[in-house]
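Dropping model.tsv in here (TSV, C-alpha atoms and all ligand atoms):
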chain	number	residue	atom	x	y	z
A	11	MET	CA	17.35	-21.35	2.32
A	12	LEU	CA	16.07	-19.86	5.55
A	13	ILE	CA	14.23	-16.58	5.12
A	14	LYS	CA	12.75	-14.80	8.11
A	15	ARG	CA	9.25	-13.92	7.07
A	16	LEU	CA	8.04	-10.68	8.61
A	17	ARG	CA	4.38	-9.97	9.07
A	18	GLY	CA	3.21	-6.93	7.12
A	19	TRP	CA	3.38	-4.43	9.92
A	20	GLU	CA	6.84	-5.61	10.98
A	21	ILE	CA	8.43	-4.63	7.70
A	22	PRO	CA	10.79	-1.77	8.50
A	23	GLU	CA	9.93	1.55	6.94
A	24	ARG	CA	13.21	1.78	5.04
A	25	MET	CA	12.11	-1.28	3.03
A	26	ALA	CA	8.82	0.36	2.21
A	27	THR	CA	10.22	3.72	1.19
A	28	ASP	CA	13.76	3.35	-0.06
A	29	GLU	CA	13.64	3.86	-3.79
A	30	LYS	CA	17.00	2.14	-4.29
A	31	VAL	CA	15.67	-1.02	-2.72
A	32	PHE	CA	12.80	-1.07	-5.17
A	33	LEU	CA	14.98	-0.24	-8.11
A	34	ASN	CA	17.59	-2.87	-7.25
A	35	ARG	CA	14.88	-5.45	-7.02
A	36	ARG	CA	13.42	-4.32	-10.30
A	37	SER	CA	16.77	-4.96	-11.89
A	38	PHE	CA	16.31	-8.69	-11.20
A	39	MET	CA	12.94	-8.72	-12.88
A	40	MET	CA	9.73	-6.75	-13.00
A	41	GLY	CA	7.91	-9.35	-10.96
A	42	ALA	CA	10.43	-9.23	-8.13
A	43	GLY	CA	10.09	-5.45	-7.85
A	44	ALA	CA	6.35	-5.77	-7.83
A	45	ILE	CA	6.46	-8.32	-5.04
A	46	ALA	CA	8.69	-6.01	-3.00
A	47	ALA	CA	6.26	-3.17	-3.46
A	48	ALA	CA	3.27	-5.30	-2.63
A	49	SER	CA	4.93	-6.64	0.48
A	50	ALA	CA	5.18	-3.09	1.73
A	51	ILE	CA	1.46	-2.78	2.42
A	52	GLY	CA	2.32	-2.73	6.08
A	53	THR	CA	4.57	-0.42	8.04
A	54	GLY	CA	3.55	1.19	11.21
A	55	GLY	CA	3.30	3.83	13.87
A	56	LEU	CA	0.70	6.19	15.25
A	57	VAL	CA	1.69	9.82	14.78
A	58	ASN	CA	0.52	13.05	13.16
A	59	ALA	CA	-3.21	13.06	13.67
A	60	ALA	CA	-5.12	15.37	11.41
A	61	ARG	CA	-8.78	15.73	10.55
A	62	ALA	CA	-10.18	16.99	7.28
A	63	GLU	CA	-9.72	20.74	7.22
A	64	GLY	CA	-9.97	23.50	4.69
A	65	ASP	CA	-12.38	22.68	1.89
A	66	ALA	CA	-15.91	23.61	2.86
A	67	ASP	CA	-18.20	20.60	2.65
A	68	PRO	CA	-21.66	21.66	1.45
A	69	THR	CA	-23.17	18.41	2.78
A	70	ALA	CA	-21.82	18.83	6.33
A	71	ASP	CA	-25.39	19.39	7.57
A	72	LEU	CA	-26.14	15.69	6.88
A	73	TYR	CA	-23.95	14.57	9.83
A	74	PRO	CA	-24.29	12.99	12.26
A	75	ALA	CA	-26.57	10.73	10.25
A	76	ASP	CA	-29.18	8.42	11.79
A	77	ARG	CA	-27.68	5.06	12.68
A	78	ASN	CA	-29.05	2.02	10.84
A	79	GLU	CA	-29.50	-0.27	13.86
A	80	PHE	CA	-29.38	-3.38	11.68
A	81	TYR	CA	-25.60	-2.96	11.44
A	82	LYS	CA	-24.83	-3.15	15.13
A	83	ILE	CA	-21.59	-4.63	16.30
A	84	GLU	CA	-20.40	-6.45	19.41
A	85	ARG	CA	-16.94	-4.86	19.39
A	86	ALA	CA	-15.91	-1.52	20.84
A	87	LEU	CA	-15.45	1.27	18.31
A	88	THR	CA	-11.87	2.15	17.44
A	89	PRO	CA	-11.11	5.60	18.84
A	90	GLU	CA	-11.10	8.21	16.11
A	91	ASN	CA	-7.66	9.51	17.07
A	92	ILE	CA	-6.20	6.03	16.57
A	93	ASN	CA	-7.97	5.43	13.26
A	94	SER	CA	-7.10	8.82	11.82
A	95	ARG	CA	-3.35	8.35	12.46
A	96	TYR	CA	-2.93	4.87	11.07
A	97	ASN	CA	-3.90	4.66	7.44
A	98	ASN	CA	-3.04	2.96	4.20
A	99	PHE	CA	-3.25	5.52	1.40
A	100	TYR	CA	-0.29	4.86	-0.86
A	101	GLU	CA	-0.95	7.97	-2.91
A	102	PHE	CA	0.47	9.85	0.10
A	103	GLY	CA	3.20	7.42	1.11
A	104	SER	CA	3.87	3.72	1.57
A	105	HIS	CA	3.60	3.82	5.37
A	106	LYS	CA	0.90	4.57	7.91
A	107	GLU	CA	1.62	8.20	8.85
A	108	ILE	CA	0.07	9.88	5.83
A	109	SER	CA	-2.62	11.90	7.56
A	110	ASP	CA	-0.81	15.25	7.36
A	111	ARG	CA	0.12	14.80	3.73
A	112	ALA	CA	-3.40	13.72	2.80
A	113	GLN	CA	-4.69	17.16	3.83
A	114	ALA	CA	-3.27	18.45	0.52
A	115	LEU	CA	-6.08	16.68	-1.34
A	116	GLN	CA	-8.76	19.16	-2.41
A	117	THR	CA	-12.05	17.33	-2.01
A	118	ARG	CA	-14.24	20.13	-3.42
A	119	PRO	CA	-15.09	20.61	-6.21
A	120	TRP	CA	-15.18	16.85	-6.91
A	121	THR	CA	-16.96	14.90	-9.58
A	122	VAL	CA	-17.59	11.21	-10.09
A	123	THR	CA	-17.78	9.79	-13.61
A	124	LEU	CA	-20.27	6.98	-14.18
A	125	ASP	CA	-19.40	5.28	-17.44
A	126	GLY	CA	-18.99	2.07	-19.43
A	127	GLU	CA	-22.01	-0.17	-19.93
A	128	VAL	CA	-24.66	2.25	-18.66
A	129	GLU	CA	-27.74	3.73	-20.32
A	130	GLU	CA	-26.07	7.13	-20.31
A	131	GLU	CA	-22.52	8.09	-19.24
A	132	ARG	CA	-22.51	10.94	-16.74
A	133	GLU	CA	-20.27	13.07	-14.57
A	134	VAL	CA	-21.95	13.87	-11.27
A	135	ASP	CA	-21.01	16.51	-8.74
A	136	ILE	CA	-20.29	14.81	-5.39
A	137	ASP	CA	-22.70	16.95	-3.39
A	138	THR	CA	-25.53	16.36	-5.86
A	139	LEU	CA	-24.79	12.65	-5.60
A	140	ILE	CA	-24.64	12.56	-1.79
A	141	ARG	CA	-27.94	14.46	-1.45
A	142	ALA	CA	-29.59	12.19	-4.03
A	143	MET	CA	-28.39	9.06	-2.20
A	144	GLY	CA	-29.01	10.17	1.41
A	145	VAL	CA	-26.74	9.30	4.33
A	146	GLU	CA	-27.02	6.78	7.18
A	147	GLU	CA	-24.56	5.54	9.79
A	148	ARG	CA	-23.43	1.91	10.02
A	149	LEU	CA	-20.94	0.29	12.39
A	150	TYR	CA	-18.62	-1.92	10.37
A	151	ARG	CA	-15.62	-4.09	11.07
A	152	HIS	CA	-12.54	-3.37	8.98
A	153	ARG	CA	-9.95	-6.16	8.58
A	154	CYS	CA	-6.73	-5.42	6.77
A	155	VAL	CA	-4.82	-8.17	4.94
A	156	GLU	CA	-1.90	-7.17	7.22
A	157	ALA	CA	-3.82	-8.80	10.12
A	158	TRP	CA	-4.97	-5.74	12.05
A	159	SER	CA	-8.55	-4.63	12.52
A	160	MET	CA	-10.72	-1.72	13.57
A	161	THR	CA	-14.43	-1.07	14.13
A	162	ILE	CA	-15.67	2.12	12.52
A	163	PRO	CA	-18.85	4.21	12.50
A	164	TRP	CA	-19.03	4.97	8.78
A	165	SER	CA	-21.65	7.24	7.24
A	166	GLY	CA	-22.75	6.92	3.66
A	167	PHE	CA	-25.18	5.02	1.47
A	168	PRO	CA	-25.54	1.52	0.01
A	169	LEU	CA	-23.58	1.01	-3.20
A	170	ALA	CA	-26.71	-0.74	-4.55
A	171	ARG	CA	-28.44	2.66	-4.56
A	172	LEU	CA	-25.64	4.17	-6.64
A	173	VAL	CA	-25.76	1.22	-9.05
A	174	ASP	CA	-29.50	1.90	-9.56
A	175	TYR	CA	-28.74	5.58	-10.11
A	176	ALA	CA	-26.10	4.73	-12.74
A	177	ARG	CA	-28.56	2.56	-14.72
A	178	PRO	CA	-26.16	-0.18	-15.90
A	179	LEU	CA	-27.02	-2.31	-18.93
A	180	SER	CA	-27.89	-5.97	-18.41
A	181	SER	CA	-24.48	-6.89	-19.92
A	182	THR	CA	-22.68	-5.46	-16.86
A	183	LYS	CA	-20.86	-8.04	-14.75
A	184	TYR	CA	-18.37	-5.90	-12.83
A	185	VAL	CA	-18.23	-2.50	-11.16
A	186	VAL	CA	-14.76	-0.97	-11.37
A	187	MET	CA	-13.68	2.01	-9.28
A	188	GLN	CA	-10.72	4.34	-9.62
A	189	THR	CA	-9.05	6.85	-7.33
A	190	PHE	CA	-8.00	10.35	-8.43
A	191	GLN	CA	-4.62	10.77	-10.09
A	192	ASP	CA	-2.63	13.92	-9.43
A	193	SER	CA	1.00	13.54	-8.45
A	194	SER	CA	1.24	17.27	-7.70
A	195	VAL	CA	-0.76	16.64	-4.49
A	196	ALA	CA	-0.15	12.92	-4.04
A	197	SER	CA	3.60	12.43	-4.10
A	198	GLY	CA	3.24	8.66	-3.86
A	199	GLN	CA	1.96	8.75	-7.41
A	200	ARG	CA	5.44	9.77	-8.53
A	201	GLN	CA	6.55	6.27	-7.57
A	202	PHE	CA	6.23	5.00	-11.09
A	203	TRP	CA	6.48	1.32	-10.21
A	204	TYR	CA	2.96	1.39	-8.77
A	205	PRO	CA	0.15	0.95	-11.30
A	206	TRP	CA	-1.68	4.23	-10.68
A	207	PRO	CA	-4.47	5.11	-10.48
A	208	TYR	CA	-5.53	2.81	-7.64
A	209	THR	CA	-8.21	0.55	-9.11
A	210	GLU	CA	-10.56	-1.93	-7.52
A	211	GLY	CA	-13.59	-3.91	-8.60
A	212	LEU	CA	-16.52	-6.00	-7.47
A	213	THR	CA	-18.94	-8.26	-9.29
A	214	ILE	CA	-22.31	-6.64	-9.84
A	215	GLU	CA	-23.75	-9.16	-7.35
A	216	GLU	CA	-21.25	-8.06	-4.71
A	217	ALA	CA	-21.82	-4.39	-5.50
A	218	THR	CA	-25.56	-4.76	-5.02
A	219	ASN	CA	-25.24	-6.81	-1.83
A	220	GLU	CA	-26.76	-4.87	1.07
A	221	LEU	CA	-23.39	-4.66	2.89
A	222	ALA	CA	-21.44	-2.88	0.14
A	223	PHE	CA	-21.36	0.71	1.34
A	224	MET	CA	-20.16	4.01	-0.10
A	225	VAL	CA	-18.56	6.01	2.67
A	226	THR	CA	-18.87	9.80	2.79
A	227	GLY	CA	-18.39	10.31	6.53
A	228	ALA	CA	-17.04	8.76	9.71
A	229	TYR	CA	-17.40	9.38	13.43
A	230	GLY	CA	-20.47	11.54	12.85
A	231	GLN	CA	-18.77	13.99	10.45
A	232	PRO	CA	-17.75	14.24	6.80
A	233	ALA	CA	-14.91	11.79	6.21
A	234	ALA	CA	-11.37	12.91	7.00
A	235	LYS	CA	-9.17	13.02	3.93
A	236	GLN	CA	-6.98	10.16	5.13
A	237	PHE	CA	-10.12	7.98	5.25
A	238	GLY	CA	-10.64	8.53	1.52
A	239	ALA	CA	-12.86	11.62	1.31
A	240	PRO	CA	-15.10	12.50	-0.32
A	241	LEU	CA	-16.19	9.02	-1.47
A	242	ARG	CA	-14.75	5.67	-0.47
A	243	LEU	CA	-15.90	2.06	-0.56
A	244	ALA	CA	-16.42	-0.20	2.49
A	245	VAL	CA	-16.81	-3.93	1.79
A	246	PRO	CA	-16.24	-5.31	5.29
A	247	TRP	CA	-16.26	-9.02	4.42
A	248	LYS	CA	-13.18	-8.48	2.26
A	249	TYR	CA	-9.63	-7.48	3.15
A	250	GLY	CA	-9.27	-3.72	3.47
A	251	PHE	CA	-7.36	-3.19	0.22
A	252	LYS	CA	-10.62	-3.72	-1.69
A	253	SER	CA	-12.09	-0.63	0.01
A	254	ILE	CA	-10.81	1.95	-2.43
A	255	LYS	CA	-10.52	5.60	-1.36
A	256	SER	CA	-11.23	9.00	-2.97
A	257	ILE	CA	-13.13	7.61	-5.96
A	258	VAL	CA	-13.48	9.65	-9.15
A	259	ARG	CA	-14.69	7.04	-11.62
A	260	ILE	CA	-17.09	4.11	-11.50
A	261	THR	CA	-17.15	1.99	-14.64
A	262	PHE	CA	-19.67	-0.73	-15.44
A	263	THR	CA	-18.18	-3.48	-17.57
A	264	SER	CA	-18.44	-7.11	-18.61
A	265	GLU	CA	-14.68	-7.65	-18.09
A	266	ARG	CA	-13.10	-8.51	-14.76
A	267	PRO	CA	-10.65	-5.76	-13.81
A	268	ILE	CA	-7.14	-6.30	-12.50
A	269	SER	CA	-6.85	-4.33	-9.32
A	270	PHE	CA	-3.90	-2.30	-8.03
A	271	TRP	CA	-2.46	-4.94	-5.70
A	272	GLU	CA	-3.28	-7.81	-8.01
A	273	GLN	CA	-1.29	-6.10	-10.75
A	274	LEU	CA	1.66	-5.69	-8.37
A	275	ASN	CA	1.61	-9.20	-7.01
A	276	ALA	CA	-1.16	-11.54	-8.15
A	277	SER	CA	0.18	-14.47	-6.14
A	278	GLU	CA	-0.48	-12.56	-2.90
A	279	TYR	CA	-3.44	-10.30	-3.70
A	280	GLY	CA	-6.32	-11.47	-5.86
A	281	PHE	CA	-9.64	-10.20	-7.13
A	282	TRP	CA	-11.87	-11.73	-4.45
A	283	ALA	CA	-9.90	-11.15	-1.24
A	284	ASN	CA	-12.61	-12.48	1.07
A	285	VAL	CA	-11.52	-12.74	4.71
A	286	ASN	CA	-10.78	-16.32	5.74
A	287	PRO	CA	-8.73	-17.25	8.82
A	288	GLU	CA	-7.98	-20.68	7.36
A	289	VAL	CA	-6.27	-19.43	4.23
A	290	PRO	CA	-2.94	-17.83	5.15
A	291	HIS	CA	-1.35	-15.07	3.17
A	292	PRO	CA	1.75	-16.59	1.50
A	293	ARG	CA	3.94	-14.77	4.07
A	294	TRP	CA	1.84	-14.76	7.27
A	295	SER	CA	-1.14	-16.33	9.01
A	296	GLN	CA	-4.62	-14.83	8.75
A	297	ALA	CA	-5.89	-16.79	11.78
A	298	ASN	CA	-5.83	-13.80	14.16
A	299	GLU	CA	-5.97	-10.04	14.06
A	300	ARG	CA	-4.45	-7.28	16.14
A	301	VAL	CA	-7.22	-4.96	17.38
A	302	LEU	CA	-5.95	-1.42	16.95
A	303	GLY	CA	-6.26	0.67	20.08
A	304	GLU	CA	-6.85	-2.34	22.35
A	305	ASN	CA	-3.51	-4.05	22.69
A	306	ARG	CA	-4.99	-7.51	22.12
A	307	THR	CA	-5.28	-10.11	19.40
A	308	ILE	CA	-8.50	-11.94	18.57
A	309	PRO	CA	-9.39	-14.82	16.22
A	310	THR	CA	-10.41	-13.77	12.73
A	311	VAL	CA	-13.81	-14.98	11.51
A	312	ILE	CA	-14.72	-16.17	8.00
A	313	TYR	CA	-16.03	-13.30	5.88
A	314	ASN	CA	-15.03	-11.11	8.82
A	315	GLY	CA	-18.25	-12.20	10.56
A	316	TYR	CA	-20.57	-11.26	7.68
A	317	GLY	CA	-21.12	-14.78	6.29
A	318	GLU	CA	-24.88	-14.58	6.79
A	319	GLN	CA	-25.09	-11.67	4.36
A	320	VAL	CA	-22.49	-12.72	1.79
A	321	ALA	CA	-21.67	-16.47	1.82
A	322	ASP	CA	-24.33	-17.17	-0.82
A	323	LEU	CA	-22.51	-14.92	-3.28
A	324	TYR	CA	-19.76	-17.53	-3.53
A	325	LYS	CA	-21.75	-20.74	-3.92
A	326	ASN	CA	-20.45	-23.01	-6.70
A	327	MET	CA	-17.25	-21.00	-7.18
A	328	GLU	CA	-14.80	-23.70	-6.11
A	329	GLY	CA	-12.46	-22.92	-9.02
A	330	GLU	CA	-11.87	-19.35	-7.84
A	331	ARG	CA	-9.21	-18.15	-5.36
A	332	LEU	CA	-11.87	-16.64	-3.15
A	333	TYR	CA	-9.66	-15.90	-0.14
A	334	ALA	CA	-6.58	-14.21	-1.59
C	1	LIG	N1	-7.35	3.26	-1.60
C	1	LIG	C1	-6.43	4.00	-2.24
C	1	LIG	N2	-6.82	4.84	-3.20
C	1	LIG	N3	-5.10	3.92	-1.95
C	1	LIG	C2	-4.65	3.03	-1.00
C	1	LIG	O1	-3.43	2.95	-0.77
C	1	LIG	N4	-5.22	1.31	0.63
C	1	LIG	C3	-6.15	0.21	0.89
C	1	LIG	C4	-7.58	0.72	1.06
C	1	LIG	N5	-7.92	1.68	0.04
C	1	LIG	C5	-5.60	2.23	-0.31
C	1	LIG	C6	-6.98	2.39	-0.63
C	1	LIG	C7	-5.76	-0.58	2.05
C	1	LIG	S1	-4.41	-1.59	1.83
C	1	LIG	C8	-6.48	-0.55	3.21
C	1	LIG	S2	-6.14	-1.64	4.48
C	1	LIG	C9	-7.52	0.45	3.44
C	1	LIG	O2	-7.70	1.33	2.35
C	1	LIG	C10	-7.13	1.27	4.65
C	1	LIG	O3	-8.16	2.13	5.02
C	1	LIG	P1	-7.97	3.03	6.32
C	1	LIG	O4	-6.74	3.83	6.14
C	1	LIG	O5	-9.22	3.89	6.39
C	1	LIG	O6	-7.88	2.08	7.48

The structure given in the file should be rewritten as structure tokens.
Amino acid sequence: MLIKRLRGWEIPERMATDEKVFLNRRSFMMGAGAIAAASAIGTGGLVNAARAEGDADPTADLYPADRNEFYKIERALTPENINSRYNNFYEFGSHKEISDRAQALQTRPWTVTLDGEVEEEREVDIDTLIRAMGVEERLYRHRCVEAWSMTIPWSGFPLARLVDYARPLSSTKYVVMQTFQDSSVASGQRQFWYPWPYTEGLTIEEATNELAFMVTGAYGQPAAKQFGAPLRLAVPWKYGFKSIKSIVRITFTSERPISFWEQLNASEYGFWANVNPEVPHPRWSQANERVLGENRTIPTVIYNGYGEQVADLYKNMEGERLYA
């Protein structure tokens, strides 16, 4: 049988959003519906720019933060107006033009629960947390599994600092993060076939690697809502779906979590999801990436160019599917 395999961003929007399509596929079997949903990571277009508006941010005085010059980058920064109009945030729709809808998210007041295998479970107010952690700017690459990329000036703090703050027990092996759940503001969460809330996880070694970064701002300001305000992860050596947005809970545990996309389609999206140009996605190549805003394609680099910082994390793990 000959099946034309579309790359992620070529999938027409009707396939990503038409409920009947999902439901018909679900009638074959659960797994088929899940694969359809997972294949919809990519749809495209650049419209409806919107920056974070409305909720006063009591930490706005921290921006622009001093740049940490260690995290320099040889690529040009992606223009903010391109980045802020092209987002994956399925809570607000399974396509890229969610920026207007995302403005419905109230990012203050906001608390983050630190629980699981920690000395003491706590709920922390976001502004208390941000001031306790401090803010710096880092330039990071961002490589989506759909084979597009950006370069972003994020502001925030190392996840390692937050792990220290949470005081995990020595039994902790994984750090699991969850996004808010409120279908009254995030209509995507009414799409019951997705396993809400969005969940992601890292090993404790990955979480305490110097590169793992908690994002609170971008482009010298508090983060726009479509970027995942008020707290989002950036793990730039992994495909972008690991970088979970609008986090409300961080759980320390000895059990490996099953993340959102893995639950939908484990054969295409795994736990590790490290960038590797030599390991294709089952439906498209990962050898190259489309640079957003530049109208060109460049070769993808192993660990998205961060091998020096992270390759050691994966020594002696040959049995694991490290690149899916
Ligand atoms: N986090 C949540 N809560 N919901 C999402 O749909 N999408 C992921 C990730 N984090 C997503 C998420 C995917 S697939 C990618 S590529 C990045 O966010 C996109 O981040 P960006 O919109 O800032 O480029």

Could you list the protein, DNA and RNA residues that have any atom within 9 Å of ligand LIG 1 (chain C), counting only C-alpha atoms and all ligand atoms, and write them as a ChimeraX atom specification? /A:51-52,93-104,106,152-156,158-160,188-190,207-210,236-238,242-244,249-257,270-271

Go ahead and compute the interatomic distance for CA of Glu272 in chain A and CA of Lys248 in chain A, in Å to one decimal.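 One can read the CA of Glu272 in chain A to CA of Lys248 in chain A distance as 14.3 Å.
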
Taking all atoms listed in the file into account, name the residue in A:Asp322, A:Glu216, A:Glu304, A:Glu328 that is nearest to Ala86 in chain A.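 Answer, going by the shortest atom-to-atom distance: A:Glu304.
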
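Shortest separation to Arg77 in chain A among A:Ala217, A:Ala228, A:Leu172, A:Ala157 occurs at residue A:Ala228, atoms counted being only C-alpha atoms.
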
What's the separation between CA of Pro246 in chain A and CA of Glu278 in chain A, in Å to one decimal place? 19.2 Å

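Comparing A:Val195, A:Ala234, A:Ala276, A:Val145 by their smallest distance to Asp71 in chain A, the closest is A:Val145 (using all atoms listed in the file).
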
To one decimal in Å, tell me the separation between CA of Lys235 in chain A and CA of Ile140 in chain A. 16.5 Å

In terms of the shortest atom-to-atom distance over only C-alpha atoms, which of A:Tyr150, A:Phe262, A:Tyr229, A:Tyr279 is closest to Thr182 in chain A?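 Looking only at the distances to Thr182 in chain A, the closest residue turns out to be A:Phe262.
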
I'd like the neighbourhood of Ile214 in chain A as a VMD selection string, where a residue qualifies if any of its atoms comes within 7 Å (using only C-alpha atoms), though same-chain residues fewer than 2 positions away should be ignored. chain A and resid 183 to 185 212 216 to 218

Taking all listed atoms of range 229-248 of chain A, build the axis-aligned box, pad each of the six sides by 5 Å, then write its centre and edge lengths in Å to one decimal as lines of an AutoDock Vina configuration file.
center_x = -13.7
center_y = 2.6
center_z = 6.0
size_x = 23.5
size_y = 33.3
size_z = 24.9

Mind checking which residues fall within 7 Å of range 123-134 of chain A, counting all atoms listed in the file, ignoring those fewer than 4 positions away in the same chain, and posting them as a PDB file with C-alpha atoms, in the frame of the given file?
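What follows is the written file out_35.pdb:
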ATOM      1  CA  THR A 138     -25.530  16.360  -5.860  1.00  0.00           C
ATOM      2  CA  LEU A 139     -24.790  12.650  -5.600  1.00  0.00           C
ATOM      3  CA  ALA A 176     -26.100   4.730 -12.740  1.00  0.00           C
ATOM      4  CA  ARG A 177     -28.560   2.560 -14.720  1.00  0.00           C
ATOM      5  CA  PRO A 178     -26.160  -0.180 -15.900  1.00  0.00           C
ATOM      6  CA  LEU A 179     -27.020  -2.310 -18.930  1.00  0.00           C
ATOM      7  CA  THR A 182     -22.680  -5.460 -16.860  1.00  0.00           C
ATOM      8  CA  VAL A 258     -13.480   9.650  -9.150  1.00  0.00           C
ATOM      9  CA  ARG A 259     -14.690   7.040 -11.620  1.00  0.00           C
ATOM     10  CA  ILE A 260     -17.090   4.110 -11.500  1.00  0.00           C
ATOM     11  CA  THR A 261     -17.150   1.990 -14.640  1.00  0.00           C
ATOM     12  CA  PHE A 262     -19.670  -0.730 -15.440  1.00  0.00           C
ATOM     13  CA  THR A 263     -18.180  -3.480 -17.570  1.00  0.00           C
TER      14      THR A 263
END

Can you find the residues with an atom no farther than 12 Å from (-11.6, -10.6, 16.8), counting all atoms listed in the file, and report them as a PyMOL selection string? chain A and resi 83-86+151-153+157-161+287+296-302+304-312+314-315

Find the residues around Ala75 in chain A up to 10 Å (only C-alpha atoms counted), leave out those fewer than 2 positions away in its own chain, and share them as a PyMOL selection string. chain A and resi 71-73+77-78+144-148+164-166+227-231

I need the residue nearest Gln191 in chain A from this list: A:Asn219, A:Lys325, A:Asp174, A:Leu115. Use all atoms listed in the file for the distance.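 For Gln191 in chain A, the nearest of the candidates is A:Leu115.
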